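Asks: For reference, this is target19.cif, and it has mmCIF, C-alpha atoms.
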```cif
data_structure
loop_
_atom_site.label_atom_id
_atom_site.label_comp_id
_atom_site.auth_asym_id
_atom_site.auth_seq_id
_atom_site.Cartn_x
_atom_site.Cartn_y
_atom_site.Cartn_z
CA MET A 1 -18.45 15.75 -155.92
CA LYS A 2 -20.04 12.56 -154.62
CA LYS A 3 -19.77 11.72 -150.95
CA SER A 4 -21.15 8.63 -149.34
CA LEU A 5 -23.66 9.30 -146.59
CA ASP A 6 -23.22 5.91 -145.01
CA PRO A 7 -20.51 3.42 -146.03
CA ARG A 8 -22.97 0.51 -145.70
CA THR A 9 -25.39 1.99 -148.19
CA ARG A 10 -25.06 3.24 -151.70
CA TYR A 11 -26.75 6.59 -151.12
CA ARG A 12 -24.72 9.57 -152.18
CA VAL A 13 -25.14 13.31 -152.03
CA TYR A 14 -23.93 15.87 -154.52
CA ASN A 15 -22.62 18.83 -152.57
CA SER A 16 -19.19 20.44 -152.56
CA GLY A 17 -19.77 21.62 -148.99
CA VAL A 18 -19.86 18.07 -147.63
CA SER A 19 -16.17 17.58 -148.27
CA GLY A 20 -15.29 20.57 -146.12
CA ARG A 21 -13.39 21.99 -149.07
CA GLN A 22 -14.54 25.36 -150.33
CA GLU A 23 -13.52 25.43 -153.93
CA SER A 24 -14.47 27.26 -157.05
CA ASN A 25 -12.73 25.93 -160.15
CA GLY A 26 -9.66 24.97 -158.14
CA TYR A 27 -9.42 28.30 -156.35
CA LEU A 28 -9.24 28.44 -152.55
CA ARG A 29 -11.11 30.78 -150.28
CA SER A 30 -8.98 32.62 -147.76
CA GLY A 31 -10.06 30.43 -144.84
CA GLU A 32 -9.03 27.26 -146.61
CA LEU A 33 -5.75 28.68 -147.87
CA ALA A 34 -5.00 29.93 -144.37
CA ARG A 35 -5.70 26.50 -142.88
CA LEU A 36 -3.62 24.66 -145.48
CA ALA A 37 -0.69 27.07 -145.13
CA GLY A 38 -0.85 27.22 -141.33
CA VAL A 39 -1.61 30.94 -141.02
CA SER A 40 -4.65 33.07 -140.25
CA ALA A 41 -6.86 34.80 -142.79
CA ASP A 42 -5.68 38.09 -141.26
CA THR A 43 -2.11 37.08 -142.07
CA LEU A 44 -3.08 36.49 -145.68
CA ARG A 45 -4.64 39.95 -145.88
CA HIS A 46 -1.47 41.42 -144.32
CA TYR A 47 0.70 39.63 -146.88
CA GLU A 48 -1.58 40.94 -149.61
CA ARG A 49 -1.29 44.54 -148.32
CA LYS A 50 2.51 44.23 -148.16
CA GLY A 51 2.70 42.85 -151.70
CA LEU A 52 3.96 39.40 -150.71
CA ILE A 53 1.05 37.67 -152.40
CA ALA A 54 -0.97 38.87 -155.34
CA LYS A 55 -4.40 40.32 -154.79
CA PRO A 56 -6.80 37.41 -155.20
CA ARG A 57 -9.72 37.37 -157.52
CA ARG A 58 -13.18 37.87 -156.03
CA GLY A 59 -15.93 35.33 -156.38
CA ALA A 60 -19.50 36.27 -157.26
CA ASN A 61 -20.18 36.47 -153.53
CA GLY A 62 -17.24 38.86 -152.98
CA TYR A 63 -15.05 36.32 -151.20
CA ARG A 64 -11.35 36.26 -151.91
CA GLU A 65 -10.32 33.29 -154.07
CA TYR A 66 -6.67 32.32 -154.34
CA PRO A 67 -5.09 30.10 -156.99
CA PRO A 68 -3.78 26.75 -155.70
CA GLU A 69 -0.14 27.87 -156.10
CA ALA A 70 -0.76 30.49 -153.38
CA ILE A 71 -0.19 27.70 -150.82
CA ASP A 72 3.43 27.32 -151.97
CA ARG A 73 3.91 31.10 -151.94
CA VAL A 74 2.64 31.44 -148.35
CA ARG A 75 4.80 28.50 -147.23
CA LEU A 76 7.83 30.13 -148.89
CA ILE A 77 7.08 33.38 -147.05
CA ARG A 78 6.70 31.58 -143.71
CA SER A 79 9.98 29.73 -144.22
CA ALA A 80 11.85 32.89 -145.12
CA LEU A 81 10.40 34.73 -142.11
CA SER A 82 11.41 31.85 -139.84
CA ILE A 83 15.10 32.27 -140.72
CA GLY A 84 15.08 36.02 -140.21
CA PHE A 85 14.02 37.69 -143.42
CA THR A 86 11.70 40.64 -142.80
CA ILE A 87 8.42 41.25 -144.54
CA ASN A 88 9.83 44.35 -146.22
CA GLU A 89 12.86 42.43 -147.50
CA LEU A 90 10.63 39.68 -148.84
CA ALA A 91 8.34 42.20 -150.51
CA ARG A 92 11.31 43.66 -152.43
CA ILE A 93 12.69 40.23 -153.34
CA LEU A 94 9.37 38.76 -154.44
CA LYS A 95 8.45 41.87 -156.41
CA GLU A 96 11.68 41.59 -158.37
CA ARG A 97 11.17 37.85 -158.82
CA ASP A 98 7.56 38.29 -159.97
CA LYS A 99 8.76 40.73 -162.62
CA GLY A 100 11.06 38.04 -164.01
CA GLY A 101 14.20 39.16 -162.20
CA ALA A 102 16.71 36.94 -160.46
CA PRO A 103 17.25 38.34 -156.95
CA CYS A 104 19.36 35.35 -155.90
CA ARG A 105 22.50 37.38 -155.14
CA SER A 106 20.48 39.80 -153.03
CA VAL A 107 18.89 36.90 -151.16
CA ARG A 108 22.30 35.36 -150.51
CA SER A 109 23.73 38.70 -149.35
CA LEU A 110 20.83 39.24 -146.95
CA ALA A 111 21.21 35.71 -145.59
CA GLU A 112 24.93 36.32 -145.02
CA ALA A 113 24.17 39.54 -143.12
CA LYS A 114 21.63 37.65 -140.98
CA LEU A 115 24.19 34.94 -140.27
CA GLU A 116 26.73 37.56 -139.18
CA GLU A 117 24.15 39.14 -136.87
CA ILE A 118 23.31 35.75 -135.34
CA GLU A 119 27.00 35.02 -134.80
CA LYS A 120 27.36 38.41 -133.09
CA GLN A 121 24.38 37.61 -130.86
CA LEU A 122 25.87 34.21 -130.05
CA ARG A 123 29.16 35.83 -129.02
CA HIS A 124 27.21 38.23 -126.82
CA LEU A 125 25.17 35.39 -125.29
CA THR A 126 28.29 33.30 -124.70
CA ALA A 127 29.92 36.22 -122.89
CA LEU A 128 26.73 36.77 -120.92
CA ARG A 129 26.61 33.10 -119.94
CA ASP A 130 30.26 33.12 -118.83
CA ASP A 131 29.74 36.32 -116.87
CA LEU A 132 26.63 34.93 -115.17
CA ARG A 133 28.37 31.66 -114.38
CA ALA A 134 31.23 33.54 -112.69
CA LEU A 135 28.76 35.79 -110.88
CA VAL A 136 26.74 32.87 -109.51
CA SER A 137 29.95 31.19 -108.35
CA GLU A 138 31.05 34.41 -106.63
CA TRP A 139 27.63 34.76 -105.00
CA ASP A 140 27.70 31.12 -103.83
CA LYS A 141 31.01 31.80 -102.05
CA ARG A 142 29.59 34.95 -100.50
CA LEU A 143 26.42 33.17 -99.34
CA ALA A 144 28.45 30.29 -97.89
CA THR A 145 30.17 32.68 -95.47
CA ASN A 146 27.10 34.83 -94.83
CA PRO A 147 24.90 33.99 -91.80
CA GLU A 148 21.38 32.76 -92.68
CA GLY A 149 18.82 35.56 -92.66
CA GLU A 150 21.34 38.37 -93.16
CA ARG A 151 21.74 40.32 -96.37
CA ALA A 152 24.67 39.42 -98.56
CA ASN A 153 24.13 42.47 -100.81
CA LEU A 154 24.31 40.43 -103.98
CA LEU A 155 22.60 42.99 -106.19
CA GLU A 156 24.71 45.80 -104.76
CA SER A 157 27.81 43.84 -105.71
CA LEU A 158 26.74 44.08 -109.34
CA ALA A 159 27.10 47.85 -109.36
CA THR A 160 30.44 47.95 -107.57
CA ASN A 161 32.07 45.03 -109.42
CA ARG A 162 30.80 45.99 -112.86
CA CYS A 163 31.70 49.68 -112.62
CA ASN A 164 35.37 48.74 -112.28
CA LYS A 165 35.34 46.26 -115.20
CA GLY A 166 33.66 48.40 -117.85
CA PRO A 167 30.67 47.32 -119.95
CA SER A 168 29.32 43.94 -118.99
CA PRO A 169 27.61 41.43 -121.21
CA LEU A 170 24.99 41.34 -118.45
CA VAL A 171 23.71 44.62 -119.82
CA ARG A 172 22.53 44.44 -123.39
CA PRO A 173 23.85 47.33 -125.45
CA PRO A 174 21.16 49.78 -126.57
CA LEU A 175 19.88 49.38 -130.09
CA ASN A 176 21.31 51.92 -132.46
CA ARG A 177 19.00 53.58 -134.96
CA LYS A 178 19.70 50.99 -137.68
CA ASN A 179 19.06 48.00 -135.37
CA ARG A 180 15.99 49.64 -133.85
CA ASN A 181 14.48 50.02 -137.33
CA LYS A 182 15.25 46.37 -138.11
CA GLU A 183 13.37 45.34 -134.96
CA ILE A 184 10.37 47.43 -136.01
CA ASP A 185 10.31 45.96 -139.55
CA ARG A 186 10.12 42.44 -138.23
#
```
How would this structure read if it were set down as structure tokens?

Replies:
Amino acid sequence: MKKSLDPRTRYRVYNSGVSGRQESNGYLRSGELARLAGVSADTLRHYERKGLIAKPRRGANGYREYPPEAIDRVRLIRSALSIGFTINELARILKERDKGGAPCRSVRSLAEAKLEEIEKQLRHLTALRDDLRALVSEWDKRLATNPEGERANLLESLATNRCNKGPSPLVRPPLNRKNRNKEIDR
């Protein structure tokens, strides 16, 4: 590859390193792939261990070399992770896809389950917001009649008021075994 040393002169140097691109017959070293895909080299190795991306070839120097299409694969993985798919789910889906299968119905089903979970969380957050709004209003009334410098026992009122009303959205329900495992897989 020719690169101009100085735009006012016609001197050129032949060196692939000048461009900043580390390439070997179109293949990308892990550092360059990581930079182009917006991840770290450690992330690439993690994806490789989990089976999300194929094991790369090794150059004569032992460096990992990825085909150019690996950029699209890593971007696909990042996009799927960003909407809630887990690494383990993606590993299963991509394995099936790489074998020529069509996991589209599984992908759609997983996405629907994620949507339902988000809607459940939104309902919980909406209830929490409404409960907090009412609580702050109640505390404002209490503070308005309470002399400055004296305790209004706001926190204590949480225990007495909430015990009579049952479970409050202010307290997040504990994760059951299934949800706890989902959190760990992420």

Asks: Near Arg64 of chain A, within 8 Å and counting only C-alpha atoms, which residues show up once chain neighbours fewer than 3 positions away are dropped, as a PDB file with C-alpha atoms, in the frame of the given file?

Replies:
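Once everything was written out, this is selection_5.pdb:
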```pdb
ATOM      1  CA  ARG A  29     -11.110  30.780-150.280  1.00  0.00           C
ATOM      2  CA  SER A  30      -8.980  32.620-147.760  1.00  0.00           C
ATOM      3  CA  PRO A  56      -6.800  37.410-155.200  1.00  0.00           C
ATOM      4  CA  ARG A  57      -9.720  37.370-157.520  1.00  0.00           C
ATOM      5  CA  ARG A  58     -13.180  37.870-156.030  1.00  0.00           C
ATOM      6  CA  GLY A  59     -15.930  35.330-156.380  1.00  0.00           C
TER       7      GLY A  59
END
```

Asks: Spell out the residues picked by the PyMOL selection byres ((chain A and resi 51) around 12) here, as a PyMOL selection string.

Replies: chain A and resi 44-50+52-56+73-74+77+87-96+98

Asks: Mind giving me the straight-line distance from atom CA of Asp72 of chain A to atom CA of Leu33 of chain A in Å, one decimal?

Replies: 10.1 Å

Asks: Between atom CA of Arg97 of chain A and atom CA of Ala113 of chain A, measure the distance and give it in Å to one decimal.

Replies: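 Atom-to-atom, atom CA of Arg97 of chain A to atom CA of Ala113 of chain A, that is 20.5 Å.
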
Asks: Take the point (23.3, 34.6, -107.5) as written in the file and pick out every residue within 12 Å of it, counting only C-alpha atoms; give the list as a list in words.

Replies: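 Here is the list of nearby residues: Asp131, Leu132, Arg133, Ala134, Leu135, Val136, Ser137, Glu138, Trp139, Asp140, Lys141, Arg142, Leu143, Ala144, Ala152, Asn153, Leu154, Leu155, Glu156, Ser157 and Leu158 of chain A.
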
Asks: Do you have the atom CA of Ala102 of chain A-atom CA of Lys120 of chain A distance handy?

Replies: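 That distance, rounded to one decimal, is 29.4 Å.
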
Asks: Please determine, counting all atoms listed in the file, which residue among A:Leu122, A:Leu128, A:Leu110, A:Leu36 has the shortest atom-to-atom distance to Pro68 of chain A.

Replies: A:Leu36

Asks: Which of these, A:Pro103, A:Asp42, A:Gly31, A:Gly26, has the shortest distance to Glu69 of chain A once you count all atoms listed in the file?

Replies: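 Closest to Glu69 of chain A, using all atoms listed in the file: A:Gly26.
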
Asks: With a distance cut-off of 6 Å and all atoms listed in the file, select the neighbouring residues of Tyr27 of chain A, excluding the residue or stretch itself and same-chain residues fewer than 6 positions from it, and output the selection as a PDB file with C-alpha atoms, in the frame of the given file.

Replies:
```pdb
ATOM      1  CA  GLU A  65     -10.320  33.290-154.070  1.00  0.00           C
ATOM      2  CA  TYR A  66      -6.670  32.320-154.340  1.00  0.00           C
ATOM      3  CA  PRO A  67      -5.090  30.100-156.990  1.00  0.00           C
ATOM      4  CA  PRO A  68      -3.780  26.750-155.700  1.00  0.00           C
TER       5      PRO A  68
END
```

Asks: Can you work out which one of A:Leu28, A:Gly84, A:Asn146, A:Thr160 has the shortest atom-to-atom distance to Glu116 of chain A, counting only C-alpha atoms?

Replies: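 Of all the options, A:Gly84 lies closest to Glu116 of chain A.
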
Asks: I need the residue nearest Glu117 of chain A from this list: A:Ala34, A:Ile71, A:Ile83, A:Ser40. Use all atoms listed in the file for the distance.

Replies: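 The shortest atom-to-atom distance to Glu117 of chain A comes from A:Ile83.
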